[in-house]
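For reference, coords-v9.txt (compact mmCIF, C-alpha atoms):
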# COMPACT_ATOMS: atom_id res chain seq x y z
CA MET A 109 161.54 83.82 77.96
CA ASP A 110 158.32 85.46 76.82
CA LYS A 111 159.12 88.81 75.20
CA ASN A 112 156.30 90.33 77.25
CA TYR A 113 157.80 89.26 80.59
CA VAL A 114 157.73 92.16 83.06
CA TYR A 115 160.70 92.11 85.45
CA PRO A 116 159.20 93.16 88.80
CA TYR A 117 162.30 94.04 90.81
CA SER A 118 164.57 97.07 91.16
CA PHE A 119 167.92 97.83 89.58
CA GLN A 120 169.69 97.22 92.87
CA PHE A 121 168.01 93.83 93.33
CA ALA A 122 168.83 92.85 89.75
CA LYS A 123 172.46 93.87 90.21
CA GLY A 124 172.79 91.86 93.41
CA ASN A 125 171.22 88.77 91.81
CA GLN A 126 173.01 88.80 88.44
CA GLU A 127 169.80 89.72 86.63
CA LEU A 128 170.75 93.08 85.14
CA ASP A 129 170.09 91.88 81.58
CA LEU A 130 166.53 90.95 82.56
CA TYR A 131 166.05 94.29 84.29
CA LYS A 132 167.41 96.36 81.41
CA GLU A 133 165.41 94.47 78.77
CA SER A 134 162.17 94.84 80.73
CA HIS A 135 162.81 98.49 81.65
CA LYS A 136 163.46 99.35 78.01
CA ALA A 137 160.22 97.61 77.03
CA ASN A 138 158.36 99.57 79.73
CA VAL A 139 159.65 102.85 78.31
CA ASN A 140 158.75 101.79 74.76
CA CYS A 141 155.28 100.79 75.96
CA LYS A 142 154.83 104.20 77.58
CA LYS A 143 155.78 105.91 74.30
CA ALA A 144 153.42 103.65 72.35
CA ILE A 145 150.54 104.58 74.67
CA GLU A 146 151.28 108.27 74.22
CA LYS A 147 151.45 107.85 70.44
CA ALA A 148 148.21 105.85 70.34
CA ILE A 149 146.39 108.45 72.41
CA SER A 150 147.75 111.31 70.29
CA GLY A 151 146.69 109.61 67.07
CA ASN A 152 143.25 108.46 68.23
CA PHE A 153 141.92 111.37 70.30
CA ASP A 154 139.90 113.87 68.28
CA GLY A 155 139.68 116.48 71.02
CA LEU A 156 136.43 115.12 72.41
CA ARG A 157 136.76 111.36 72.65
CA LEU A 158 139.24 108.56 72.32
CA GLU A 159 138.70 106.12 69.48
CA LYS A 160 137.50 102.79 70.82
CA ASN A 161 139.96 99.91 70.60
CA THR A 162 142.88 102.30 71.05
CA ALA A 163 144.12 100.33 74.04
CA GLU A 164 143.88 97.04 72.14
CA GLN A 165 146.42 98.33 69.62
CA VAL A 166 149.04 98.73 72.34
CA ILE A 167 148.10 95.51 74.14
CA SER A 168 148.58 93.53 70.93
CA GLN A 169 152.14 94.86 70.75
CA PHE A 170 153.25 94.80 74.39
CA GLY A 171 150.88 92.34 76.08
CA TYR A 172 148.36 92.65 78.90
CA ASP A 173 150.88 92.48 81.74
CA ARG A 174 153.19 95.23 80.55
CA VAL A 175 150.40 97.60 79.54
CA ASN A 176 148.71 97.12 82.92
CA PHE A 177 152.04 97.57 84.72
CA VAL A 178 152.89 100.80 82.87
CA LEU A 179 149.39 102.22 83.33
CA ALA A 180 149.31 101.37 87.04
CA ASN A 181 152.75 102.94 87.49
CA SER A 182 151.58 106.07 85.66
CA VAL A 183 148.65 106.52 88.04
CA GLN A 184 150.75 105.76 91.11
CA GLN A 185 153.33 108.35 90.06
CA LYS A 186 150.57 110.95 89.66
CA SER A 187 148.14 109.83 92.35
CA TYR A 188 147.63 113.44 93.41
CA ASP A 189 145.90 114.24 90.11
CA GLY A 190 142.12 114.42 90.49
CA ARG A 191 141.55 113.80 86.81
CA PHE A 192 142.11 110.08 87.34
CA SER A 193 138.92 108.38 88.53
CA ARG A 194 138.76 106.96 92.03
CA ASP A 195 138.09 103.53 90.55
CA ASN A 196 141.24 103.66 88.42
CA LYS A 197 143.31 104.86 91.37
CA GLU A 198 142.07 101.92 93.43
CA TRP A 199 142.85 99.57 90.55
CA ALA A 200 146.38 100.96 90.18
CA ASN A 201 147.07 100.61 93.89
CA HIS A 202 146.57 96.85 93.66
CA PHE A 203 149.84 96.67 91.70
CA PHE A 204 152.86 96.39 93.96
CA ILE A 205 155.50 98.29 91.99
CA LEU A 206 158.74 98.37 93.93
CA PRO A 207 160.72 101.60 94.45
CA ASP A 208 163.57 101.79 91.94
CA LYS A 209 165.89 104.62 92.91
CA ILE A 210 169.45 105.10 91.72
CA GLN A 211 171.30 107.92 93.51
CA GLY A 212 167.98 109.46 94.48
CA TYR A 213 166.46 109.28 90.98
CA ASP A 214 163.34 107.13 90.64
CA LYS A 215 163.59 105.08 87.45
CA ARG A 216 159.84 104.47 87.51
CA ARG A 217 159.33 108.00 86.24
CA GLU A 218 160.79 106.96 82.91
CA TYR A 219 157.75 104.83 82.09
CA ALA A 220 155.04 107.08 83.54
CA VAL A 221 152.76 108.09 80.66
CA ASP A 222 152.70 111.86 80.09
CA SER A 223 149.45 112.10 78.11
CA HIS A 224 146.68 114.36 79.41
CA PRO A 225 145.41 112.65 82.60
CA ALA A 226 141.73 112.85 81.64
CA VAL A 227 142.37 111.20 78.27
CA LEU A 228 144.75 108.69 79.83
CA ASP A 229 142.01 107.83 82.30
CA GLY A 230 139.80 106.89 79.34
CA PHE A 231 142.60 104.76 77.89
CA ILE A 232 142.90 102.94 81.22
CA ASN A 233 139.15 102.28 81.16
CA GLN A 234 139.54 100.69 77.73
CA ALA A 235 142.51 98.55 78.79
CA ARG A 236 140.70 97.35 81.89
CA ARG A 237 137.59 96.38 79.90
CA VAL A 238 139.70 94.36 77.46
CA TYR A 239 141.38 92.56 80.36
CA GLN A 240 138.12 91.96 82.21
CA ALA A 241 136.69 90.36 79.06
CA LEU A 242 139.13 87.47 79.62
CA ASN A 243 136.93 86.43 82.58
CA LEU A 244 139.89 85.18 84.58
CA TRP A 245 139.69 83.66 88.05
CA GLU A 246 140.36 86.21 90.79
CA PRO A 247 141.06 86.05 94.56
CA SER A 248 137.32 86.31 95.25
CA HIS A 249 136.90 82.91 93.56
CA CYS A 250 139.56 81.27 95.73
CA ASN A 251 140.26 79.98 99.20
CA ASP A 252 143.18 81.77 100.84
CA PRO A 253 146.41 79.81 100.21
CA ALA A 254 147.97 80.83 103.55
CA GLY A 255 148.44 77.72 105.67
CA LEU A 256 147.02 75.49 102.93
CA ASN A 257 148.62 72.24 101.79
CA PHE A 258 148.37 72.33 97.99
CA GLU A 259 148.74 68.60 97.39
CA GLY A 260 145.68 67.25 95.57
CA LYS A 261 144.15 70.72 95.32
CA VAL A 262 143.02 72.57 92.20
CA MET A 263 144.96 75.81 92.45
CA VAL A 264 144.55 79.02 90.44
CA LEU A 265 147.61 80.50 88.75
CA ARG A 266 148.20 84.22 88.74
CA PRO A 267 147.53 85.45 85.19
CA THR A 268 151.00 87.04 85.07
CA ASN A 269 152.41 83.50 85.07
CA LEU A 270 150.77 82.72 81.73
CA LYS A 271 151.55 83.97 78.26
CA ASP A 272 148.78 86.09 76.75
CA GLU A 273 147.56 83.27 74.52
CA TYR A 274 146.97 81.15 77.63
CA LYS A 275 145.30 83.84 79.72
CA ASN A 276 141.95 82.10 80.12
CA PRO A 277 140.14 80.44 83.04
CA ARG A 278 140.91 76.89 81.83
CA ASP A 279 144.67 77.37 81.73
CA GLN A 280 144.73 79.00 85.17
CA LEU A 281 143.80 75.71 86.83
CA VAL A 282 146.57 73.39 88.01
CA LEU A 283 146.17 70.15 89.94
CA CYS A 284 149.07 70.29 92.40
CA GLU A 285 150.56 66.90 93.17
CA SER A 286 153.98 67.15 94.83
CA GLY A 287 156.92 69.33 95.74
CA PHE A 288 158.06 70.94 98.98
CA GLY A 289 156.15 74.08 97.98
CA CYS A 290 152.87 72.26 98.53
CA SER A 291 153.49 72.49 102.26
CA PRO A 292 152.95 75.89 103.92
CA THR A 293 155.81 75.19 106.36
CA ALA A 294 158.53 73.66 104.16
CA SER A 295 161.56 75.71 103.16
CA GLY A 296 161.30 74.61 99.52
CA ARG A 297 158.91 76.52 97.24
CA LYS A 298 158.63 74.31 94.14
CA VAL A 299 155.20 72.89 93.30
CA PHE A 300 154.80 70.16 90.70
CA GLY A 301 151.50 69.42 89.03
CA ARG A 302 149.48 69.32 85.84
CA PHE A 303 147.40 71.79 83.93
CA LEU A 304 143.89 70.53 84.51
CA SER A 305 142.77 71.35 80.97
CA ASP A 306 145.06 68.87 79.19
CA GLY A 307 147.28 67.16 81.77
CA GLU A 308 150.51 68.88 80.71
CA ARG A 309 153.09 68.63 83.47
CA CYS A 310 154.33 71.86 84.98
CA GLN A 311 156.22 73.36 87.88
CA TYR A 312 155.72 76.66 89.63
CA GLU A 313 156.59 78.45 92.85
CA ARG A 314 154.11 78.42 95.71
CA SER A 315 153.73 82.20 95.38
CA ASP A 316 152.64 81.83 91.73
CA PHE A 317 149.15 80.75 92.86
CA ILE A 318 146.28 83.00 93.91
CA GLY A 319 144.64 80.26 95.95
CA GLU A 320 142.51 77.13 95.74
CA LEU A 321 139.48 77.44 93.49
CA LYS A 322 136.36 77.29 95.66
CA ALA A 323 134.25 74.16 95.13
CA GLU A 324 131.22 76.16 94.02
CA HIS A 325 133.21 77.63 91.12
CA LEU A 326 134.78 74.38 89.93
CA PRO A 327 133.41 73.69 86.40
CA ASP A 328 132.00 70.27 85.59
CA TRP A 329 134.81 69.59 83.10
CA ALA A 330 137.36 70.31 85.85
CA VAL A 331 135.66 67.89 88.25
CA GLU A 332 135.91 65.13 85.63
CA LYS A 333 139.53 65.96 84.80
CA ARG A 334 140.49 65.83 88.47
CA LYS A 335 138.91 62.38 88.77
CA GLU A 336 140.81 61.14 85.70
CA MET A 337 144.12 62.42 87.04
CA GLY A 338 143.42 60.93 90.45
CA VAL A 339 143.07 57.50 88.83
CA SER A 340 146.41 57.88 87.04
CA MET A 341 148.10 58.72 90.35
CA GLU A 342 146.60 55.67 92.03
CA GLU A 343 148.02 53.54 89.22
CA GLY A 344 151.46 54.37 90.56
CA GLN A 345 152.98 57.21 88.59
CA SER A 346 155.55 59.00 90.75
CA MET A 347 155.52 62.76 90.50
CA ARG A 348 159.03 62.89 91.94
CA GLU A 349 160.35 61.11 88.85
CA TRP A 350 159.14 63.87 86.56
CA LYS A 351 161.55 66.05 84.68
CA CYS A 352 159.29 69.09 84.87
CA SER A 353 159.44 72.45 83.20
CA LYS A 354 157.12 75.40 83.09
CA GLY A 355 156.13 74.38 79.62
CA GLY A 356 155.12 76.67 76.80
CA ARG A 357 152.49 78.59 78.72
CA LYS A 358 154.86 80.90 80.59

I'd like the structure from this file rewritten - as structure tokens, please.
Amino acid sequence: MDKNYVYPYSFQFAKGNQELDLYKESHKANVNCKKAIEKAISGNFDGLRLEKNTAEQVISQFGYDRVNFVLANSVQQKSYDGRFSRDNKEWANHFFILPDKIQGYDKRREYAVDSHPAVLDGFINQARRVYQALNLWEPSHCNDPAGLNFEGKVMVLRPTNLKDEYKNPRDQLVLCESGFGCSPTASGRKVFGRFLSDGERCQYERSDFIGELKAEHLPDWAVEKRKEMGVSMEEGQSMREWKCSKGGRK
């Protein structure tokens, strides 16, 4: 598993699903990330401004997903504080961070950054700019997946399903070809397909996709790749005979 994997569920869920090791490892990393952010801010704020590229130092150590998760949690835990910008509060609220209480104590507090809110707000601005520079596909670029049959469609992966080195628009695109998860009504959730960029076989859950990339956004290279892969399917290769894995991108 990627060392930067962020476990999204609560202690109670992890306990009930035999995933406590995943939970504990991720929670510890969240706390360490919080401390790293506080240390970076302390060492790079001169009393007036935060040194540029401060956020990149922490991202390089803990990855985009964990830094975003910890920052969003920090704002959510202190949403009452007016020193966070409205824009950053709206950004943080897009992260669905589940309640994680044990005997009334909320474990999310343990990775809420305690730096001065105004300076932390500047750090969040930096982190968001670095992430936005990846130019990833977003829901606005996609057709809603609800009720959609994925088979034969170019679908967009959620960035959290890709390692940092693969967080780019090319590697978000998957040509979905089979699996019960292609159907919006089937009980199965597995979707089998290929990364459009190089044809590597992969499998994901239906929920791992943002939606179908709208035709007007489909790059020319992607149109050609889809045609090539369509020919290979017509030549008789059975997707159901694949021994698929999520490959090295997750």

Residues within 8 Å of region 165-178 of chain A, all atoms listed in the file, excluding chain neighbours under 4 positions, as number ranges by chain: A: 112-114, 137-138, 141-142, 144-145, 148, 161, 182, 203, 219-221, 235, 239, 268, 272

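Among the candidate residues A:Ile210, A:Ala330, A:Ala226, A:Val183, the one lying nearest to Phe121 (chain A) is A:Ile210, with distances computed using only C-alpha atoms.
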
Spatial neighbours of Asp306 (chain A), max dist 12 Å, all atoms listed in the file, sep filter under 2 positions, as a VMD selection string: chain A and resid 278 to 283 301 to 304 308 to 310 329 to 330 332 to 334 336 to 337

For CA of Gln211 (chain A) and CA of Gln185 (chain A), the interatomic separation in Å (one decimal): 18.3 Å

Residues near Glu320 (chain A), cut-off 7 Å, only C-alpha atoms, skip fewer than 2 positions along chain, as a VMD selection string: chain A and resid 250 to 253 261 to 264 322

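Going from CA of Gly255 (chain A) to CA of Ala200 (chain A) covers 28.0 Å.
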
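Taking CA of Val331 (chain A) as the reference point, CA of Gly260 (chain A) is found at 12.4 Å.
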
Residues near Phe192 (chain A), cut-off 12 Å, only C-alpha atoms, skip fewer than 4 positions along chain, as a ChimeraX atom specification: /A:179-180,182-188,196-200,223-233

Print the selection's residues with C-alpha atoms to a file, as a tab-separated table (two decimals), in the frame of the given file.
chain	number	residue	atom	x	y	z
A	179	LEU	CA	149.39	102.22	83.33
A	180	ALA	CA	149.31	101.37	87.04
A	182	SER	CA	151.58	106.07	85.66
A	183	VAL	CA	148.65	106.52	88.04
A	184	GLN	CA	150.75	105.76	91.11
A	185	GLN	CA	153.33	108.35	90.06
A	186	LYS	CA	150.57	110.95	89.66
A	187	SER	CA	148.14	109.83	92.35
A	188	TYR	CA	147.63	113.44	93.41
A	196	ASN	CA	141.24	103.66	88.42
A	197	LYS	CA	143.31	104.86	91.37
A	198	GLU	CA	142.07	101.92	93.43
A	199	TRP	CA	142.85	99.57	90.55
A	200	ALA	CA	146.38	100.96	90.18
A	223	SER	CA	149.45	112.10	78.11
A	224	HIS	CA	146.68	114.36	79.41
A	225	PRO	CA	145.41	112.65	82.60
A	226	ALA	CA	141.73	112.85	81.64
A	227	VAL	CA	142.37	111.20	78.27
A	228	LEU	CA	144.75	108.69	79.83
A	229	ASP	CA	142.01	107.83	82.30
A	230	GLY	CA	139.80	106.89	79.34
A	231	PHE	CA	142.60	104.76	77.89
A	232	ILE	CA	142.90	102.94	81.22
A	233	ASN	CA	139.15	102.28	81.16

Leu206 (chain A) environment, 9 Å, all atoms listed in the file, sequence neighbours closer than 5 positions dropped, as a VMD selection string: chain A and resid 116 to 118 216

Counting all atoms listed in the file, the residue of A:Gly338, A:Asp222, A:Asp208, A:Gln311 that sits nearest Ile149 (chain A): A:Asp222
